[in-house]
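Here the structure comes first, spelled out in structure tokens, and everything after it is commentary.
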2 protein chains.
Amino acid sequence: MLVEMREQADKVIARCRYLAQFTEEPGQIKRTFLSPAMRECMQTVQGWMEAAGIQVVTDAAGNLRGRYPGASSTSLMIGSHLDTVPNSGAFDGVLGVMMGLALIEALEGEKLPFAIELAGFSEEEGVRYSLPFIGSRALVGRLDAELLETKDGDGISLARALTSFGLDPSRLDRCVLSDDVAAYLEFHIEQGALLESEDKSLGVVQAIAGQSRAEITFAGRARHAGTTPMRLRNDAVAGAAEWISEVERVALTTPGMVATVGDLRTHPGAGNVVAGQLRASLDVRHGEDAVRHQAVDHLLAEAASIAKRRGLATVSKMLMDQPAVTMDARLCRLAQDAIRGIGIEPLSMVSGAGHDAMILAERVPSTMIFLRSPGGISHHPEESVRAEDVRNALAAGLAFLRNFDSYCALPILKEQSTPHV
Amino acid sequence: MLVEMREQADKVIARCRYLAQFTEEPGQIKRTFLSPAMRECMQTVQGWMEAAGIQVVTDAAGNLRGRYPGASSTSLMIGSHLDTVPNSGAFDGVLGVMMGLALIEALEGEKLPFAIELAGFSEEEGVRYSLPFIGSRALVGRLDAELLETKDGDGISLARALTSFGLDPSRLDRCVLSDDVAAYLEFHIEQGALLESEDKSLGVVQAIAGQSRAEITFAGRARHAGTTPMRLRNDAVAGAAEWISEVERVALTTPGMVATVGDLRTHPGAGNVVAGQLRASLDVRHGEDAVRHQAVDHLLAEAASIAKRRGLATVSKMLMDQPAVTMDARLCRLAQDAIRGIGIEPLSMVSGAGHDAMILAERVPSTMIFLRSPGGISHHPEESVRAEDVRNALAAGLAFLRNFDSYCALPILKEQSTPHV
């Protein structure tokens with residue numbers, strides 16, 4: 001079994017690297033929604049899927065949808081996305097699809113008590129339409145008429161892009177998950193360094209963090225850096241610096257929180273002028289919305305208080321307030337037990353990044369298994385995955401499949417499925 | 001006398017506002033080196049000067065040079081600059097020239113024991129050639145062949161610009177101050193809010209602060225803002241924020257120091273990415289070079305120490321290390337006594353900005369009298385000056401002239417000059 005998983009794991013990695021050739025820009029990996037590169041990628045993946053006994057269609061949202069039949073109509077969906085950011089690595093998204101394919105291949109035709117639906121989502125990164133999760137949105141009925149009118153950078157509406165690709169937007173309602181889908185499982189690289197720092201191979205995602213994004217402007221008075229004594233200044237940079245340290249302090253002292261000031265813009269932005277204005281980004285994430293909201297409220301109040309003391313003014317603009325999404329507790333336990341079953345202890349995690357599972361969770365119990373990201377590197381050509389972790393994930397995935405009927409409490413017993421092996 | 005000064009002061013202000021019409025850009029004041037607007041300005045000032053009995057020439061550096069003869073060849077130079085920054089106010093520079101003119105006018109032809117040279121410098125702000133003090137540099141013999149090859153934004157060399165204006169660069173050596181010039185006096189708006197905050201009308205500048213300018217780069221690792229736990233970050237913004245607070249703390253606790261971080265550039269500069277790099281400007285000024293150097297050394301070491309603790313790297317680039325220039329102590333006392341003589345107490349100041357007096361001081365004892373800048377506003381259309389302060393400055397200036405022969409210890413007595421009144 002271990003030897004088998006070693007071969008399968010190497011194949012998963014080789015396939016991810018092979019698919020990296022399908023790119024819009026030679027020299028880097030870039031594969032956006034409905035691009036010619038995406039069509040070539042889908043054709044290749046479809047070929048592999050069909051060779052594994054999977055029935056494949058492309059749905060009206062451009063998602064590759066495969067079905068590996070089971071002994072009942074009940075199904076488990078396994079999936080992730082096939083699109084990438086510009087200058088991407090080879091594993092973000094693609095790995096999850098290749099994992100599902102490898103698991104089905106590992107069954108060697110065995111019919112399980114349930115079917116497996118394998119999904120390769122057409123869009124998750126939000127590159128072409130500045131709108132992420134287009135693929136998985138279709139599965140929960142959220143690709144509505146308004147979204148279809150969204151235009152890309154070339155002024156092409158989403159509806160027209162689908163039509164040009166040979167798809168029929170009027171059939172989008174047929175993308176929606178059937179009631180037979182009992183659960184959604186997604187494998188994904190962590191995209192962070194937590195597993196690595198904890199020396200763990202795999203993690204089970206308990207929740208996808210809620211996100212607040214805001215823009216805070218500190219406004220003071222632009223003054224001559226040479227002639228304005230310190231105590232007569234209303235220095236936007238000095239005020240913002242004090243506040244940024246508070247942002248960091250709050251996040252460091254709140255378990256599970258990340259808070260980031262990633263972008264600063266100074267005005268006038270000259271070395272010999274006390275800054276009259278500084279615009280700062282704020283990104284706060286946490287698995288519990290109440291904790292996140294409390295932190296954001298505190299940080300905005302703190303910005304105003306620092307500003308007041310320094311004779312500055314602040315303007316805050318909320319750009320995003322996206323609630324946390326909880327993964328299904330029973331399904332998470334199933335994933336954890338499967339990982340423990342192969343002799344390793346998984347890390348319980350909150351995903352700081354959004355994933356298709358966040359969208360699917362609206363309609364169906366969902367969970368995610370994270371694989372360690374070496375160096376925490378993602379969205380970068382050096383993004384990678386360790387073969388050992390892929391082996392573990394495959395072995396745990398098979399254990400998950402073996403126990404999934406108990407999760408579903410399916411009337412069909414394991415014994416009954418044996419004849420199909 | 002007070003009534004007279006009131007009229008003269010109003011005239012000084014009216015003339016400054018009148019000269020504001022000579023601009024390269026309608027709707028704002030912008031008068032750069034050797035521009036047509038500068039020529040018109042010079043012609044107008046020359047007319048006023050000649051009407052006051054001053055002999056006027058334009059020297060080879062484009063400076064307006066007037067001489068009001070005295071009973072000896074010894075002279076006092078009074079001056080400032082006629083050029084402006086873009087979108088300037090009406091008083092920066094021009095006021096000092098109009099003050100000298102008004103003082104000569106107030107003498108009503110009286111011959112003093114010494115001559116007065118009135119200088120309207122052609123260039124101080126450094127706009128056209130990114131090189132300040134072109135006018136006053138010529139008076140100390142520092143407008144050399146190398147500088148003459150400097151090109152402006154249109155590729156026109158300084159030498160060619162002089163020639164096109166009708167000047168002869170080969171005669172630049174004749175701009176140099178003669179040994180008969182015993183001292184230099186410059187009136188200027190403060191360009192800061194210190195006099196206002198101390199409720200003082202006038203200040204006497206004891207020194208022009210030395211300046212250090214540097215660029216500090218904090219380099220960390222750009223990482224996903226959602227997936228990178230706080231303790232696994234090497235956040236360039238958070239490190240820089242801590243350092244900026246230290247810059248402010250050092251300046252606040254060092255008397256006479258100003259330190260400014262006016263410009264910040266984040267990279268990649270996205271709200272959802274932990275910044276991998278931040279480039280910060282640093283500007284430190286103080287009247288004593290040793291104090292300034294110690295502060296800069298401390299701040300660079302502190303940047304490195306903060307960076308080390310946070311797993312960041314720093315690179316520091318020194319861009320400027322300009323020594324402080326001390327004004328002449330006896331001449332400063334003469335100015336202070338003159339101000340006290342009209343019944344007000346001057347503030348002893350260090351100028352945080354550079355001035356022509358800084359250049360002249362290389363060759364001749366120099367001092368400056370600052371007039372209060374309402375709101376500390378300068379280099380801005382709202383820059384202004386209070387008529388009351390101009391009256392005080394004129395009265396003090398006359399007292400200064402009355403006592404200047406004692407400073408020079410001239411053999412000619414006051415009594416001897418009386419017949420010429």
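How things are named: the first chain in the structure tokens is A, the next is B, and so on; residues count from 1 in each chain; ligands count from 1 in the order shown.
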### Task
Pick out each residue of stretch 136-232 of chain B that DSSP on the backbone tags as helix (DSSP H, G or I); I need them as a list in words.
Ser136, Arg137, Ala138, Leu139, Ala145, Glu146, Leu147, Leu148, Leu158, Ala159, Arg160, Ala161, Leu162, Thr163, Ser164, Pro169, Ser170, Arg171, Leu172, Asp173, Arg174, Cys175, Leu194, Leu195, Glu196, Ser197, Met230, Arg231 and Leu232 of chain B
### Task
Write out as a PyMOL selection string each polymer residue whose atoms come within 9 Å of A:Leu76, counting only C-alpha atoms; drop sequence neighbours fewer than 5 positions from it.
chain A and resi 114-118+180-185+401+404
Prev. selection, N, CA and C atoms, output as a PDB file, in the first residue's frame:
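In the end it all went to part06.pdb:
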```
ATOM      1  N   PHE A 114     -21.189   4.818  -2.457  1.00  0.00           N
ATOM      2  CA  PHE A 114     -21.612   6.158  -2.912  1.00  0.00           C
ATOM      3  C   PHE A 114     -20.795   6.513  -4.157  1.00  0.00           C
ATOM      4  N   ALA A 115     -21.326   7.444  -4.909  1.00  0.00           N
ATOM      5  CA  ALA A 115     -20.577   7.919  -6.079  1.00  0.00           C
ATOM      6  C   ALA A 115     -19.567   8.984  -5.648  1.00  0.00           C
ATOM      7  N   ILE A 116     -18.579   9.225  -6.492  1.00  0.00           N
ATOM      8  CA  ILE A 116     -17.662  10.344  -6.270  1.00  0.00           C
ATOM      9  C   ILE A 116     -17.818  11.317  -7.437  1.00  0.00           C
ATOM     10  N   GLU A 117     -18.097  12.562  -7.094  1.00  0.00           N
ATOM     11  CA  GLU A 117     -18.104  13.595  -8.131  1.00  0.00           C
ATOM     12  C   GLU A 117     -16.785  14.332  -8.046  1.00  0.00           C
ATOM     13  N   LEU A 118     -16.121  14.433  -9.163  1.00  0.00           N
ATOM     14  CA  LEU A 118     -14.838  15.131  -9.172  1.00  0.00           C
ATOM     15  C   LEU A 118     -15.023  16.457  -9.923  1.00  0.00           C
ATOM     16  N   ASP A 180     -28.344  14.885  -4.084  1.00  0.00           N
ATOM     17  CA  ASP A 180     -27.637  13.632  -3.803  1.00  0.00           C
ATOM     18  C   ASP A 180     -26.216  13.854  -3.289  1.00  0.00           C
ATOM     19  N   VAL A 181     -25.691  15.056  -3.489  1.00  0.00           N
ATOM     20  CA  VAL A 181     -24.327  15.316  -3.004  1.00  0.00           C
ATOM     21  C   VAL A 181     -24.381  15.490  -1.494  1.00  0.00           C
ATOM     22  N   ALA A 182     -23.743  14.581  -0.788  1.00  0.00           N
ATOM     23  CA  ALA A 182     -23.846  14.553   0.677  1.00  0.00           C
ATOM     24  C   ALA A 182     -22.762  15.382   1.348  1.00  0.00           C
ATOM     25  N   ALA A 183     -21.663  15.624   0.646  1.00  0.00           N
ATOM     26  CA  ALA A 183     -20.549  16.335   1.283  1.00  0.00           C
ATOM     27  C   ALA A 183     -19.534  16.767   0.227  1.00  0.00           C
ATOM     28  N   TYR A 184     -18.687  17.727   0.624  1.00  0.00           N
ATOM     29  CA  TYR A 184     -17.631  18.228  -0.255  1.00  0.00           C
ATOM     30  C   TYR A 184     -16.298  18.140   0.482  1.00  0.00           C
ATOM     31  N   LEU A 185     -15.322  17.572  -0.196  1.00  0.00           N
ATOM     32  CA  LEU A 185     -13.968  17.441   0.366  1.00  0.00           C
ATOM     33  C   LEU A 185     -12.983  18.115  -0.582  1.00  0.00           C
ATOM     34  N   LEU A 401     -12.548   7.793   2.351  1.00  0.00           N
ATOM     35  CA  LEU A 401     -13.539   7.162   1.457  1.00  0.00           C
ATOM     36  C   LEU A 401     -14.103   5.900   2.110  1.00  0.00           C
ATOM     37  N   PHE A 404     -16.640   7.008   4.685  1.00  0.00           N
ATOM     38  CA  PHE A 404     -17.621   8.041   4.345  1.00  0.00           C
ATOM     39  C   PHE A 404     -19.063   7.529   4.413  1.00  0.00           C
TER      40      PHE A 404
END
```
### Message
So that I can see what lies close to stretch 152-169 of chain B, please list as a VMD selection string the residues with an atom at most 6 Å from it, counting only C-alpha atoms and leaving out residues fewer than 2 positions away in the same chain.
### Response
chain B and resid 60 128 to 129 148 to 150 171 to 172
#### Entry: Test item: residues at most 10 Å from A:Leu107, only C-alpha atoms, excluding those fewer than 2 positions along its chain, as a PyMOL selection string
chain A and resi 52+102-105+109-112+398+401+421
Selection from above, N, CA and C atoms, as a CSV table (one decimal), in the first residue's frame, can you write it?
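Written out: again03.csv:
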```
chain,number,residue,atom,x,y,z
A,52,ALA,N,-9.8,6.8,-16.2
A,52,ALA,CA,-10.0,6.2,-14.8
A,52,ALA,C,-11.5,5.8,-14.6
A,102,ALA,N,-6.5,10.8,-8.4
A,102,ALA,CA,-5.6,9.8,-7.9
A,102,ALA,C,-6.4,8.8,-6.9
A,103,LEU,N,-7.3,9.4,-6.1
A,103,LEU,CA,-8.0,8.6,-5.2
A,103,LEU,C,-9.0,7.6,-6.0
A,104,ILE,N,-9.6,8.2,-7.0
A,104,ILE,CA,-10.5,7.3,-7.8
A,104,ILE,C,-9.7,6.2,-8.5
A,105,GLU,N,-8.5,6.6,-9.0
A,105,GLU,CA,-7.6,5.7,-9.7
A,105,GLU,C,-7.2,4.6,-8.7
A,109,GLY,N,-11.5,0.8,-10.0
A,109,GLY,CA,-12.8,0.4,-10.4
A,109,GLY,C,-13.7,-0.1,-9.4
A,110,GLU,N,-13.2,-0.3,-8.2
A,110,GLU,CA,-14.1,-0.7,-7.1
A,110,GLU,C,-15.3,0.2,-6.9
A,111,LYS,N,-16.5,-0.3,-6.8
A,111,LYS,CA,-17.7,0.5,-6.6
A,111,LYS,C,-17.9,0.7,-5.2
A,112,LEU,N,-17.9,2.0,-4.7
A,112,LEU,CA,-18.2,2.3,-3.3
A,112,LEU,C,-19.7,2.4,-3.1
A,398,LEU,N,-8.0,7.9,1.1
A,398,LEU,CA,-8.6,6.6,0.9
A,398,LEU,C,-9.3,6.1,2.2
A,401,LEU,N,-12.5,7.8,2.4
A,401,LEU,CA,-13.5,7.2,1.5
A,401,LEU,C,-14.1,5.9,2.1
A,421,VAL,N,-16.1,-5.1,-6.1
A,421,VAL,CA,-14.6,-4.8,-6.1
A,421,VAL,C,-14.0,-5.6,-7.3
```
What are the nearest atom pairs, with distances in Å to one decimal, for all residues of chain A that come at most 6 Å from chain B, using only C-alpha atoms, set out by chain and rising residue number as JSON lines?
```
{"residue": "A:Gly192", "atom": "CA", "partner": "B:Thr227", "partner_atom": "CA", "distance": 4.6}
{"residue": "A:Gly226", "atom": "CA", "partner": "B:Gly352", "partner_atom": "CA", "distance": 3.9}
{"residue": "A:Thr227", "atom": "CA", "partner": "B:Gly352", "partner_atom": "CA", "distance": 4.6}
{"residue": "A:Thr228", "atom": "CA", "partner": "B:Gly192", "partner_atom": "CA", "distance": 5.0}
{"residue": "A:Met230", "atom": "CA", "partner": "B:Val258", "partner_atom": "CA", "distance": 6.0}
{"residue": "A:Ala241", "atom": "CA", "partner": "B:Ala241", "partner_atom": "CA", "distance": 4.3}
{"residue": "A:Val258", "atom": "CA", "partner": "B:Met230", "partner_atom": "CA", "distance": 6.0}
{"residue": "A:Gly262", "atom": "CA", "partner": "B:Gly271", "partner_atom": "CA", "distance": 4.8}
{"residue": "A:Asp263", "atom": "CA", "partner": "B:Gly269", "partner_atom": "CA", "distance": 4.3}
{"residue": "A:Thr266", "atom": "CA", "partner": "B:Asp263", "partner_atom": "CA", "distance": 5.8}
{"residue": "A:Gly269", "atom": "CA", "partner": "B:Asp263", "partner_atom": "CA", "distance": 4.3}
{"residue": "A:Ala270", "atom": "CA", "partner": "B:Asp263", "partner_atom": "CA", "distance": 5.3}
{"residue": "A:Gly271", "atom": "CA", "partner": "B:Gly262", "partner_atom": "CA", "distance": 4.8}
{"residue": "A:Val273", "atom": "CA", "partner": "B:Gly262", "partner_atom": "CA", "distance": 5.7}
{"residue": "A:Val274", "atom": "CA", "partner": "B:Gly262", "partner_atom": "CA", "distance": 5.2}
{"residue": "A:Ala275", "atom": "CA", "partner": "B:Gly262", "partner_atom": "CA", "distance": 5.0}
{"residue": "A:Ser281", "atom": "CA", "partner": "B:Gly271", "partner_atom": "CA", "distance": 5.2}
{"residue": "A:Gly352", "atom": "CA", "partner": "B:Gly226", "partner_atom": "CA", "distance": 3.9}
{"residue": "A:Ala353", "atom": "CA", "partner": "B:Gly226", "partner_atom": "CA", "distance": 5.0}
```
Using C-alpha atoms, can you write the selected residues to a file as a compact mmCIF listing (two decimals), in the first residue's frame?
```
# COMPACT_ATOMS: atom_id res chain seq x y z
CA GLY A 192 1.15 29.41 4.70
CA GLY A 226 13.38 71.72 8.45
CA THR A 227 11.37 74.60 9.86
CA THR A 228 8.58 72.82 11.73
CA MET A 230 8.54 68.50 16.49
CA ALA A 241 3.34 54.32 12.70
CA VAL A 258 -3.96 37.82 11.56
CA GLY A 262 0.35 45.88 3.65
CA ASP A 263 0.09 49.12 1.73
CA THR A 266 2.25 59.01 1.76
CA GLY A 269 5.65 61.81 -0.17
CA ALA A 270 8.82 63.90 -0.11
CA GLY A 271 11.73 63.28 2.23
CA VAL A 273 8.20 67.46 3.88
CA VAL A 274 6.30 66.32 6.98
CA ALA A 275 3.63 64.07 5.49
CA SER A 281 -4.67 49.35 4.16
CA GLY A 352 -6.88 32.53 6.38
CA ALA A 353 -7.45 32.39 2.64
```
### Task
Measure the distance from atom CA of B:Val45 to atom CA of B:Pro381 in Å and round it to one decimal.
21.3 Å
### Message
With only C-alpha atoms as the counted atoms, please give the residues lying no more than 12 Å from B:Cys41, apart from itself and same-chain residues fewer than 3 positions off, as a ChimeraX atom specification.
### Response
/B:15-24,29-38,44-48,63-64,81-84,94,97,120-122
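The coordinates place atom CA of B:Asp10 at 14.8 Å from atom CA of B:Leu371.
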### Query
Running DSSP on the backbone, which parts of stretch 51-114 of chain B land in strand (DSSP E), as a count of residues only?
16
### Task
Would you mind telling me which residue in A:Asp337, A:Glu7, A:Glu123, A:Glu383 lies nearest to A:Gly203 when using only C-alpha atoms?
A:Asp337
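Counting from atom CA of A:Gly70, the distance to atom CA of A:Cys408 is 13.5 Å.
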### Query
Restricting the calculation to only C-alpha atoms, which member of A:Ala303, A:Ser201, A:Tyr407, A:Arg142 is positioned closest to A:Arg391?
A:Ser201
